[in-house]
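Take a look at the structure set out below.
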Amino acid sequence: MSGSPLSRYEMVIGLEVHAQLRTESKLFSPAPALFGDEPNHNVEPVCLALPGVLPVLNRRAVECAILAGLATHCTVHTRSIFARKHYFYPDLPKGYQISQFEHPIATGGWLDIQLDVDGEAVTKRIGLTRIHMEEDAGKLIHDDAVAGSDATLVDLNRAGVPLVEIVSEPDIRSPAEAGAYLRMLRSILRYIDVSDADMEKGNFRCDANVSLRPIGREEFGTRTELKNLNSFRFVEAAILAEARRQAEILADGGEIQQATMAYDSATDRTRVLRLKEDAHDYRYFPDPDLIPLEIDAGEIEALRKGLPELADEKCNRFQSQYGLSENDAHQLSENRVLGEFFEAAVEKHGTARTVANWMLRDVLKALGELELELDDAKLTPEAFAELLELVDSGKTTAKSAQGLVSELVRNGGSPAALVSERGLEAVSDAGVLTTAVDEVLAEHPENVEKYRAGEAKVLNFLMGQVMRRTQGKADPNAVRDLLAERLKE
Amino acid sequence: MSSPLGTLAELRSALDAGTTSSQDLVAQALERADSHQNALNCFVGLRADAAREEALAADARRKRGEVRSLLDGVPIAIKDNMVQAGEPTTCGSRILAGFVSPYTSTAVQRLVDAGAVVIGRTNMDEFAMGSSTEHSAIGPCHNPWDPTRTAGGSSGGSATAVAAGIVPVALGSDTGGSIRQPASLCGVTGIKPTYGRVSRWGLVAFASSLDQIGVLARTAGDCASVLEIISGHDLRDSTSIPEPAPVYGDALGRSLEDVVIGLPRECFVEDGADAAVLAMVRAAVEELKRAGAKTREISLPHTPYGIATYYLIADAEASSNLARYDGVRYGRRAQGTFGLAGMYERTRSEGFGDEVKRRIVLGTYVLSAGYYDAYYRKAQQVRTLLRGDFEQAFAGCDVIATPTAPEVAFRLGEKTADPLSMYLSDVYTVSANLVGIPGLSVPCGFHAGMPVGLQLLGPAMGEAAPLRVATAYQRLTSHHEERAPEIV
Amino acid sequence: MPRITRAEVHRVAKLARLSLSDAEADRMTTDLDHILEYAETLQELDTEGIEPTAHAIPLETPMRLDRAVPGIDPALAIGNAPEAVDTAFVVPKVIEGEEEG
């Protein structure tokens, strides 16, 4: 990349994340906060902006926003104000969105991200400018097959669903940092159970402000805003594509124009949606249908006390309490469910290192292959600990046990029963093992010679051959003992 | 030709005595509404069949001894900006043509629950923006005392329906005087309660921080009775006062011995109002003094800024509240094929009348980048000064008396060419909306054959004070008993 | 000097999605100029340090419990629509990203 114009610049990135809050009803209306259904099946007069309707604030949504502020070390304000943001669009039924503008619910926080710098784990702190509450818009259906080529359909099921917008400081310097920031933010929101924060489902959406500056310069360049980045992969690709575009312009002596951009994944390029001079005049003013939101300081403190241990705290504890490596501790603590599963399994099993190894290797692999989240898996920490005990006690082999993880994740059940049902008990019968060992030694005389000449590692090869011959069911300790005995002869 | 209906109290007595029935009253009201429509144009729509059925049910209840309230079986009218499920609401606008509400406003629901029979929806200035009920999609409402003059506005249809004896009671809404000014011009009694006293759920918004539903009737006592029914906390309105509906009872009958009436110096200057109007209001105050009330001069130094403050705030909020009328989900969409932007512009340009457009543009302007602080924020600050004026004033008096309107009903068309002159009709009324306090207008005489109104303002949550003074005044005088000439 | 120009009236009208004929715009410019001139009387008042009043009656923030009630009948929800397909509202084709917030 050293030849590309981009290498002469530093990226300056700020992210705006919209996360849907996990509530039963909408922010200002009692309609269900569900939007998978048929169009307009979860709407009532407020969502439709019928004449005469009025908003009433959802208490749970406010609590969720406060928790998000506390978990990201923000100052949560005892007084915040809902304002109307005006623009005309068919997915915005009132012609304005109720949002927070001058007085958001939380400001001035931070979160730490883990970076890999030349193979070393480095922590970087990213500042949060603000968190404010707002309502979501409805959905437009552009599909020609449904709407026809000259029409668009409007579904207001999503209109009014509660969101928090979380705005970062321009502290992010690369697409990888942006990805790490988003993953950490997602982890936090899931930890405190205020949002599903699932990008693919559209309840965790990201806009990115991107600018470049020559390496070594203090002041920021002109920025552009990338809209609607809807997957982790796209966020990183889009930022890189936009940075490349800006670098080419700057390298040619051009100027960056303030604009709103869209990313096209097919071409891996960004394009201008609208320029700054077409920017909206949103005419914000305090919503006269709503009273300023006053929250008792005591209530904020009560919510703070109820916060669960968060990922970074848990990561540190896993290292000190269980002696895990930073990397393993980080992986196991990033997701609250994973961390809790780990600790439950350790409590039952006793050896943290073993549990961690098996979880990070076999459980995560099985989840990945089955495209499942641990929440949805049928494997319990108790069953998982039992499986590891079966290995420890030599009742089955590690290889057989590995083969069962996927089955247990998908369907659950008792590991001991599965082992016996499938005939996966470790073979320690002396007759069977002796036959297998003798056959292997007869087939590989050259290795026997090598071992006897002092090449001890040949033993592993011979063990592997015996295991293979017994379909992995041989008790490895018994095999090792037997091989050693025979090779001495 | 049916005769005018009596007061609510009279109709209740007749119903209870069995000398009339709800069916008779509703039939009489419907017939009268129909026969006066050409001359007065005070109804936007009648619900004749539904009203007759409801009257039948009310009579059945009465026979079973299950009368729900004072209003049970009584014909009433509502302003065309309060929705009722299954019924149209147009707000006097083309843009809501054909709209049928799927839900019911809290105030109307409380009336319906009390057994009242809504016979129809009354004419109004489009989206309640006006002081003459001339800015209506169905044309102007006419004053029953002189049909060449306005009924005032924006609740002109409700005031006219009561003044013409079609209904004993009608609901109106008051954002800057829209109940009190037409009550004054039509010779009826009208009250705007404290902001938040009556739920705004289902009241089509004009200016959210100023709008308030209230009652027009022939007497202050009738106003109080209906207010008791429609008031009270509503969880669907975040600005609703979390207190139960007041019960006035005998409090309204008390003498005026301990009452101090404040007379704001700024409201009695000769160039502010018609001299004859001022003289009648002074005479009314003298009458109250004879009944035992004391008076004292007070000052409300910021009230001269009320109109400017009011129009900046009201129009800013209106420009926002009216953004939802876009032809997407309900109402009238412009015909023809054009893109999205074209649909918005044509729908709104064809659907709104001139006055509404003027206010939307002014409101949009004062909220737009660079002007917010100079206009909107400034106006909200002046509002704070006004609150201070009234707080200080009410520390030394129980009610404040002023004229309701600076002059008697003006001629139709007289002020339509000059919006500012129309706005000045509200000079005495807007302050009550800006500071949220209750105000009522009672008839206090006639000038040139047209009614004059006395405005009585009370402190926040203190409707009882002006209602008590008005009740005493109506015991002493008979202006409210004067009937407009039968013009049909 | 006029307080508001015809060009500004056109710009603001466009923001509010109103199209005005030149004659309408001229009349409105005159009217608004008068109204704004009148509104300038407020500048006589010193409001330095004065808190704006958004609501005249002080209240505590009302909040409701997070309980969902089922939506209204979809047929009613779109019952007033000028144009609908099944239970969706129909508008002229929207170009994606055109003027979103």
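Letters for chains follow the order of the structure tokens (A, B, ...), residue numbers begin at 1 for each chain, and ligand numbers begin at 1 in the order shown.
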
Select, as a JSON list (two decimals) with N, CA and C atoms, in the first residue's frame, those residues of chain A with any atom no more than 8 Å from chain C (distances computed using only C-alpha atoms).
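Dumped to part.json:
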```json
[["chain", "number", "residue", "atom", "x", "y", "z"],
["A", 23, "THR", "N", -37.69, -3.09, 24.28],
["A", 23, "THR", "CA", -38.91, -2.79, 25.04],
["A", 23, "THR", "C", -40.06, -3.55, 24.40],
["A", 24, "GLU", "N", -41.13, -3.66, 25.16],
["A", 24, "GLU", "CA", -42.32, -4.34, 24.66],
["A", 24, "GLU", "C", -43.11, -3.40, 23.75],
["A", 25, "SER", "N", -43.17, -2.13, 24.16],
["A", 25, "SER", "CA", -43.99, -1.18, 23.40],
["A", 25, "SER", "C", -43.09, -0.06, 22.86],
["A", 26, "LYS", "N", -43.68, 0.82, 22.07],
["A", 26, "LYS", "CA", -42.90, 1.85, 21.40],
["A", 26, "LYS", "C", -42.52, 2.98, 22.36],
["A", 30, "PRO", "N", -48.32, 2.89, 22.94],
["A", 30, "PRO", "CA", -48.39, 1.55, 23.51],
["A", 30, "PRO", "C", -48.43, 0.43, 22.46],
["A", 31, "ALA", "N", -48.27, 0.76, 21.20],
["A", 31, "ALA", "CA", -48.28, -0.29, 20.17],
["A", 31, "ALA", "C", -47.07, -1.20, 20.38],
["A", 32, "PRO", "N", -47.19, -2.48, 19.98],
["A", 32, "PRO", "CA", -46.08, -3.41, 20.20],
["A", 32, "PRO", "C", -44.85, -3.00, 19.37],
["A", 33, "ALA", "N", -43.69, -3.13, 19.98],
["A", 33, "ALA", "CA", -42.44, -2.80, 19.29],
["A", 33, "ALA", "C", -41.95, -4.01, 18.49],
["A", 38, "GLU", "N", -46.88, -8.36, 8.96],
["A", 38, "GLU", "CA", -47.46, -7.74, 7.78],
["A", 38, "GLU", "C", -47.50, -6.22, 7.99],
["A", 39, "PRO", "N", -47.43, -5.44, 6.89],
["A", 39, "PRO", "CA", -47.42, -3.98, 7.04],
["A", 39, "PRO", "C", -48.59, -3.47, 7.89],
["A", 40, "ASN", "N", -48.27, -2.53, 8.78],
["A", 40, "ASN", "CA", -49.27, -1.81, 9.57],
["A", 40, "ASN", "C", -50.15, -2.70, 10.44],
["A", 41, "HIS", "N", -49.59, -3.80, 10.92],
["A", 41, "HIS", "CA", -50.33, -4.66, 11.85],
["A", 41, "HIS", "C", -50.00, -4.33, 13.31],
["A", 42, "ASN", "N", -48.96, -3.53, 13.54],
["A", 42, "ASN", "CA", -48.60, -3.17, 14.91],
["A", 42, "ASN", "C", -48.62, -1.65, 15.08],
["A", 43, "VAL", "N", -49.69, -1.06, 14.64],
["A", 43, "VAL", "CA", -49.79, 0.40, 14.74],
["A", 43, "VAL", "C", -51.08, 0.77, 15.47],
["A", 44, "GLU", "N", -51.07, 1.89, 16.13],
["A", 44, "GLU", "CA", -52.28, 2.47, 16.71],
["A", 44, "GLU", "C", -52.24, 3.96, 16.40],
["A", 45, "PRO", "N", -53.23, 4.74, 16.85],
["A", 45, "PRO", "CA", -53.31, 6.12, 16.34],
["A", 45, "PRO", "C", -52.03, 6.93, 16.44],
["A", 48, "LEU", "N", -49.63, 6.21, 13.63],
["A", 48, "LEU", "CA", -50.15, 6.69, 12.34],
["A", 48, "LEU", "C", -50.15, 8.21, 12.28],
["A", 56, "VAL", "N", -46.77, 9.73, 24.90],
["A", 56, "VAL", "CA", -46.49, 9.52, 26.32],
["A", 56, "VAL", "C", -45.27, 8.61, 26.42],
["A", 57, "LEU", "N", -44.30, 9.03, 27.21],
["A", 57, "LEU", "CA", -42.99, 8.40, 27.24],
["A", 57, "LEU", "C", -43.00, 7.04, 27.94],
["A", 58, "ASN", "N", -42.26, 6.10, 27.35],
["A", 58, "ASN", "CA", -42.12, 4.74, 27.88],
["A", 58, "ASN", "C", -41.01, 4.72, 28.94],
["A", 59, "ARG", "N", -41.37, 4.37, 30.17],
["A", 59, "ARG", "CA", -40.42, 4.41, 31.27],
["A", 59, "ARG", "C", -39.25, 3.44, 31.07],
["A", 60, "ARG", "N", -39.56, 2.27, 30.55],
["A", 60, "ARG", "CA", -38.51, 1.26, 30.35],
["A", 60, "ARG", "C", -37.47, 1.77, 29.34],
["A", 61, "ALA", "N", -37.94, 2.45, 28.31],
["A", 61, "ALA", "CA", -37.00, 2.98, 27.31],
["A", 61, "ALA", "C", -36.04, 3.98, 27.96],
["A", 87, "TYR", "N", -38.56, 16.91, 9.02],
["A", 87, "TYR", "CA", -38.33, 16.72, 7.59],
["A", 87, "TYR", "C", -39.48, 15.90, 7.03],
["A", 88, "PHE", "N", -39.70, 16.04, 5.76],
["A", 88, "PHE", "CA", -40.82, 15.31, 5.15],
["A", 88, "PHE", "C", -40.29, 14.05, 4.48],
["A", 89, "TYR", "N", -40.87, 12.94, 4.84],
["A", 89, "TYR", "CA", -40.52, 11.68, 4.20],
["A", 89, "TYR", "C", -41.64, 10.71, 4.53],
["A", 90, "PRO", "N", -42.00, 9.83, 3.60],
["A", 90, "PRO", "CA", -43.20, 9.02, 3.85],
["A", 90, "PRO", "C", -43.07, 8.05, 5.02],
["A", 142, "HIS", "N", -39.51, -0.71, -1.50],
["A", 142, "HIS", "CA", -39.24, -0.19, -2.85],
["A", 142, "HIS", "C", -39.40, -1.26, -3.92],
["A", 147, "ALA", "N", -44.53, -3.30, -5.07],
["A", 147, "ALA", "CA", -45.05, -1.94, -5.08],
["A", 147, "ALA", "C", -45.37, -1.44, -6.49],
["A", 149, "SER", "N", -43.60, -0.34, -10.40],
["A", 149, "SER", "CA", -42.39, 0.40, -10.74],
["A", 149, "SER", "C", -42.51, 1.89, -10.42],
["A", 150, "ASP", "N", -43.74, 2.40, -10.24],
["A", 150, "ASP", "CA", -43.86, 3.84, -9.98],
["A", 150, "ASP", "C", -44.42, 4.13, -8.59],
["A", 151, "ALA", "N", -44.33, 3.14, -7.71],
["A", 151, "ALA", "CA", -44.88, 3.36, -6.37],
["A", 151, "ALA", "C", -43.95, 2.77, -5.31],
["A", 152, "THR", "N", -44.09, 3.28, -4.11],
["A", 152, "THR", "CA", -43.37, 2.77, -2.94],
["A", 152, "THR", "C", -44.42, 2.52, -1.87],
["A", 153, "LEU", "N", -44.22, 1.43, -1.11],
["A", 153, "LEU", "CA", -45.18, 1.12, -0.05],
["A", 153, "LEU", "C", -44.64, 1.59, 1.30],
["A", 154, "VAL", "N", -45.55, 1.94, 2.17],
["A", 154, "VAL", "CA", -45.16, 2.45, 3.49],
["A", 154, "VAL", "C", -45.74, 1.55, 4.57],
["A", 155, "ASP", "N", -44.85, 1.05, 5.42],
["A", 155, "ASP", "CA", -45.23, 0.19, 6.55],
["A", 155, "ASP", "C", -44.77, 0.89, 7.83],
["A", 273, "LEU", "N", -24.71, 11.05, -1.89],
["A", 273, "LEU", "CA", -26.17, 11.07, -1.84],
["A", 273, "LEU", "C", -26.66, 12.51, -1.93],
["A", 274, "ARG", "N", -26.06, 13.38, -1.12],
["A", 274, "ARG", "CA", -26.39, 14.81, -1.23],
["A", 274, "ARG", "C", -25.25, 15.64, -0.64],
["A", 280, "HIS", "N", -30.43, 19.73, 5.34],
["A", 280, "HIS", "CA", -31.75, 20.06, 5.85],
["A", 280, "HIS", "C", -31.67, 21.15, 6.90],
["A", 281, "ASP", "N", -32.76, 21.86, 7.00],
["A", 281, "ASP", "CA", -32.95, 22.79, 8.09],
["A", 281, "ASP", "C", -34.00, 22.11, 8.96],
["A", 286, "PRO", "N", -38.19, 22.35, 21.28],
["A", 286, "PRO", "CA", -38.66, 21.42, 22.33],
["A", 286, "PRO", "C", -40.09, 20.97, 22.04],
["A", 288, "PRO", "N", -43.65, 20.52, 22.41],
["A", 288, "PRO", "CA", -44.58, 21.07, 23.40],
["A", 288, "PRO", "C", -45.59, 20.05, 23.91],
["A", 290, "LEU", "N", -44.60, 17.30, 25.21],
["A", 290, "LEU", "CA", -43.88, 16.54, 26.24],
["A", 290, "LEU", "C", -43.26, 17.48, 27.26],
["A", 291, "ILE", "N", -43.27, 17.05, 28.49],
["A", 291, "ILE", "CA", -42.66, 17.80, 29.57],
["A", 291, "ILE", "C", -41.16, 17.42, 29.57],
["A", 292, "PRO", "N", -40.26, 18.36, 29.92],
["A", 292, "PRO", "CA", -38.85, 17.96, 30.03],
["A", 292, "PRO", "C", -38.70, 16.72, 30.91],
["A", 293, "LEU", "N", -37.79, 15.84, 30.52],
["A", 293, "LEU", "CA", -37.60, 14.58, 31.24],
["A", 293, "LEU", "C", -36.73, 14.83, 32.47],
["A", 294, "GLU", "N", -37.34, 14.77, 33.64],
["A", 294, "GLU", "CA", -36.59, 14.97, 34.89],
["A", 294, "GLU", "C", -36.43, 13.60, 35.55]]
```

Enumerate, as a count of residues only, the complete set of residues in stretch 7-74 of chain C that a backbone-based DSSP assignment places in alpha helix (DSSP H). 28

Name the residues of stretch 187-285 of chain B that come out as strand (DSSP E) in a backbone DSSP run; write them as a PyMOL selection string. chain B and resi 189-192+212-217+260-264

Prev. selection, N, CA and C atoms, output as an mmCIF file, in the first residue's frame:
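Generated file (result_37.cif):
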```cif
data_model
loop_
_atom_site.group_PDB
_atom_site.id
_atom_site.type_symbol
_atom_site.label_atom_id
_atom_site.label_comp_id
_atom_site.auth_asym_id
_atom_site.auth_seq_id
_atom_site.Cartn_x
_atom_site.Cartn_y
_atom_site.Cartn_z
ATOM 1 N N THR B 189 -71.932 32.419 27.278
ATOM 2 C CA THR B 189 -70.880 32.274 28.280
ATOM 3 C C THR B 189 -69.915 31.194 27.809
ATOM 4 N N GLY B 190 -68.625 31.463 27.931
ATOM 5 C CA GLY B 190 -67.654 30.454 27.497
ATOM 6 C C GLY B 190 -66.462 30.429 28.414
ATOM 7 N N ILE B 191 -65.989 29.240 28.735
ATOM 8 C CA ILE B 191 -64.823 29.134 29.616
ATOM 9 C C ILE B 191 -63.708 28.326 28.979
ATOM 10 N N LYS B 192 -62.511 28.872 29.093
ATOM 11 C CA LYS B 192 -61.284 28.134 28.801
ATOM 12 C C LYS B 192 -60.661 27.800 30.141
ATOM 13 N N GLN B 212 -56.522 24.415 24.512
ATOM 14 C CA GLN B 212 -57.269 23.858 25.630
ATOM 15 C C GLN B 212 -58.750 23.771 25.254
ATOM 16 N N ILE B 213 -59.345 22.635 25.590
ATOM 17 C CA ILE B 213 -60.771 22.440 25.344
ATOM 18 C C ILE B 213 -61.557 23.140 26.444
ATOM 19 N N GLY B 214 -62.699 23.698 26.079
ATOM 20 C CA GLY B 214 -63.558 24.321 27.073
ATOM 21 C C GLY B 214 -65.017 24.261 26.641
ATOM 22 N N VAL B 215 -65.846 25.001 27.350
ATOM 23 C CA VAL B 215 -67.296 24.855 27.209
ATOM 24 C C VAL B 215 -67.952 26.193 26.868
ATOM 25 N N LEU B 216 -68.932 26.155 25.969
ATOM 26 C CA LEU B 216 -69.782 27.314 25.712
ATOM 27 C C LEU B 216 -71.204 26.921 26.092
ATOM 28 N N ALA B 217 -71.869 27.812 26.832
ATOM 29 C CA ALA B 217 -73.240 27.532 27.279
ATOM 30 C C ALA B 217 -73.925 28.872 27.523
ATOM 31 N N VAL B 260 -61.754 39.989 45.589
ATOM 32 C CA VAL B 260 -61.069 41.180 45.079
ATOM 33 C C VAL B 260 -60.872 41.025 43.571
ATOM 34 N N ILE B 261 -61.375 41.997 42.839
ATOM 35 C CA ILE B 261 -61.253 41.963 41.377
ATOM 36 C C ILE B 261 -60.136 42.904 40.961
ATOM 37 N N GLY B 262 -59.173 42.357 40.243
ATOM 38 C CA GLY B 262 -58.065 43.175 39.752
ATOM 39 C C GLY B 262 -58.421 43.778 38.399
ATOM 40 N N LEU B 263 -58.136 45.073 38.264
ATOM 41 C CA LEU B 263 -58.423 45.758 36.992
ATOM 42 C C LEU B 263 -57.101 46.219 36.385
ATOM 43 N N PRO B 264 -56.618 45.484 35.388
ATOM 44 C CA PRO B 264 -55.306 45.841 34.836
ATOM 45 C C PRO B 264 -55.362 47.162 34.074
#
```

I need the contact residues of chain B against chain A, so if you could list those with any atom within 6 Å, counting only C-alpha atoms, and return them as a PyMOL selection string, that would help. chain B and resi 201-205+208-209+238+323-324+367-368

Kindly save the residues from that selection, with C-alpha atoms included, as a PDB file, in the first residue's frame.
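Listed below is the output, selection-v3.pdb:
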```pdb
ATOM      1  CA  TRP B 201     -56.068  13.555  23.522  1.00  0.00           C
ATOM      2  CA  GLY B 202     -58.114  13.612  20.331  1.00  0.00           C
ATOM      3  CA  LEU B 203     -58.163  17.405  20.011  1.00  0.00           C
ATOM      4  CA  VAL B 204     -56.562  18.151  16.657  1.00  0.00           C
ATOM      5  CA  ALA B 205     -53.499  20.176  17.546  1.00  0.00           C
ATOM      6  CA  SER B 208     -49.820  22.286  21.589  1.00  0.00           C
ATOM      7  CA  SER B 209     -48.646  24.445  24.486  1.00  0.00           C
ATOM      8  CA  SER B 238     -48.481  14.150  29.001  1.00  0.00           C
ATOM      9  CA  ALA B 323     -46.526  18.703   8.961  1.00  0.00           C
ATOM     10  CA  ARG B 324     -48.439  15.440   9.262  1.00  0.00           C
ATOM     11  CA  LEU B 367     -37.996  28.069  13.660  1.00  0.00           C
ATOM     12  CA  SER B 368     -35.543  28.005  10.777  1.00  0.00           C
TER      13      SER B 368
END
```

Between B:Leu256, B:Val277, B:Val382, B:Ala401, which has the minimum distance to chain C (counting only C-alpha atoms)? B:Val382
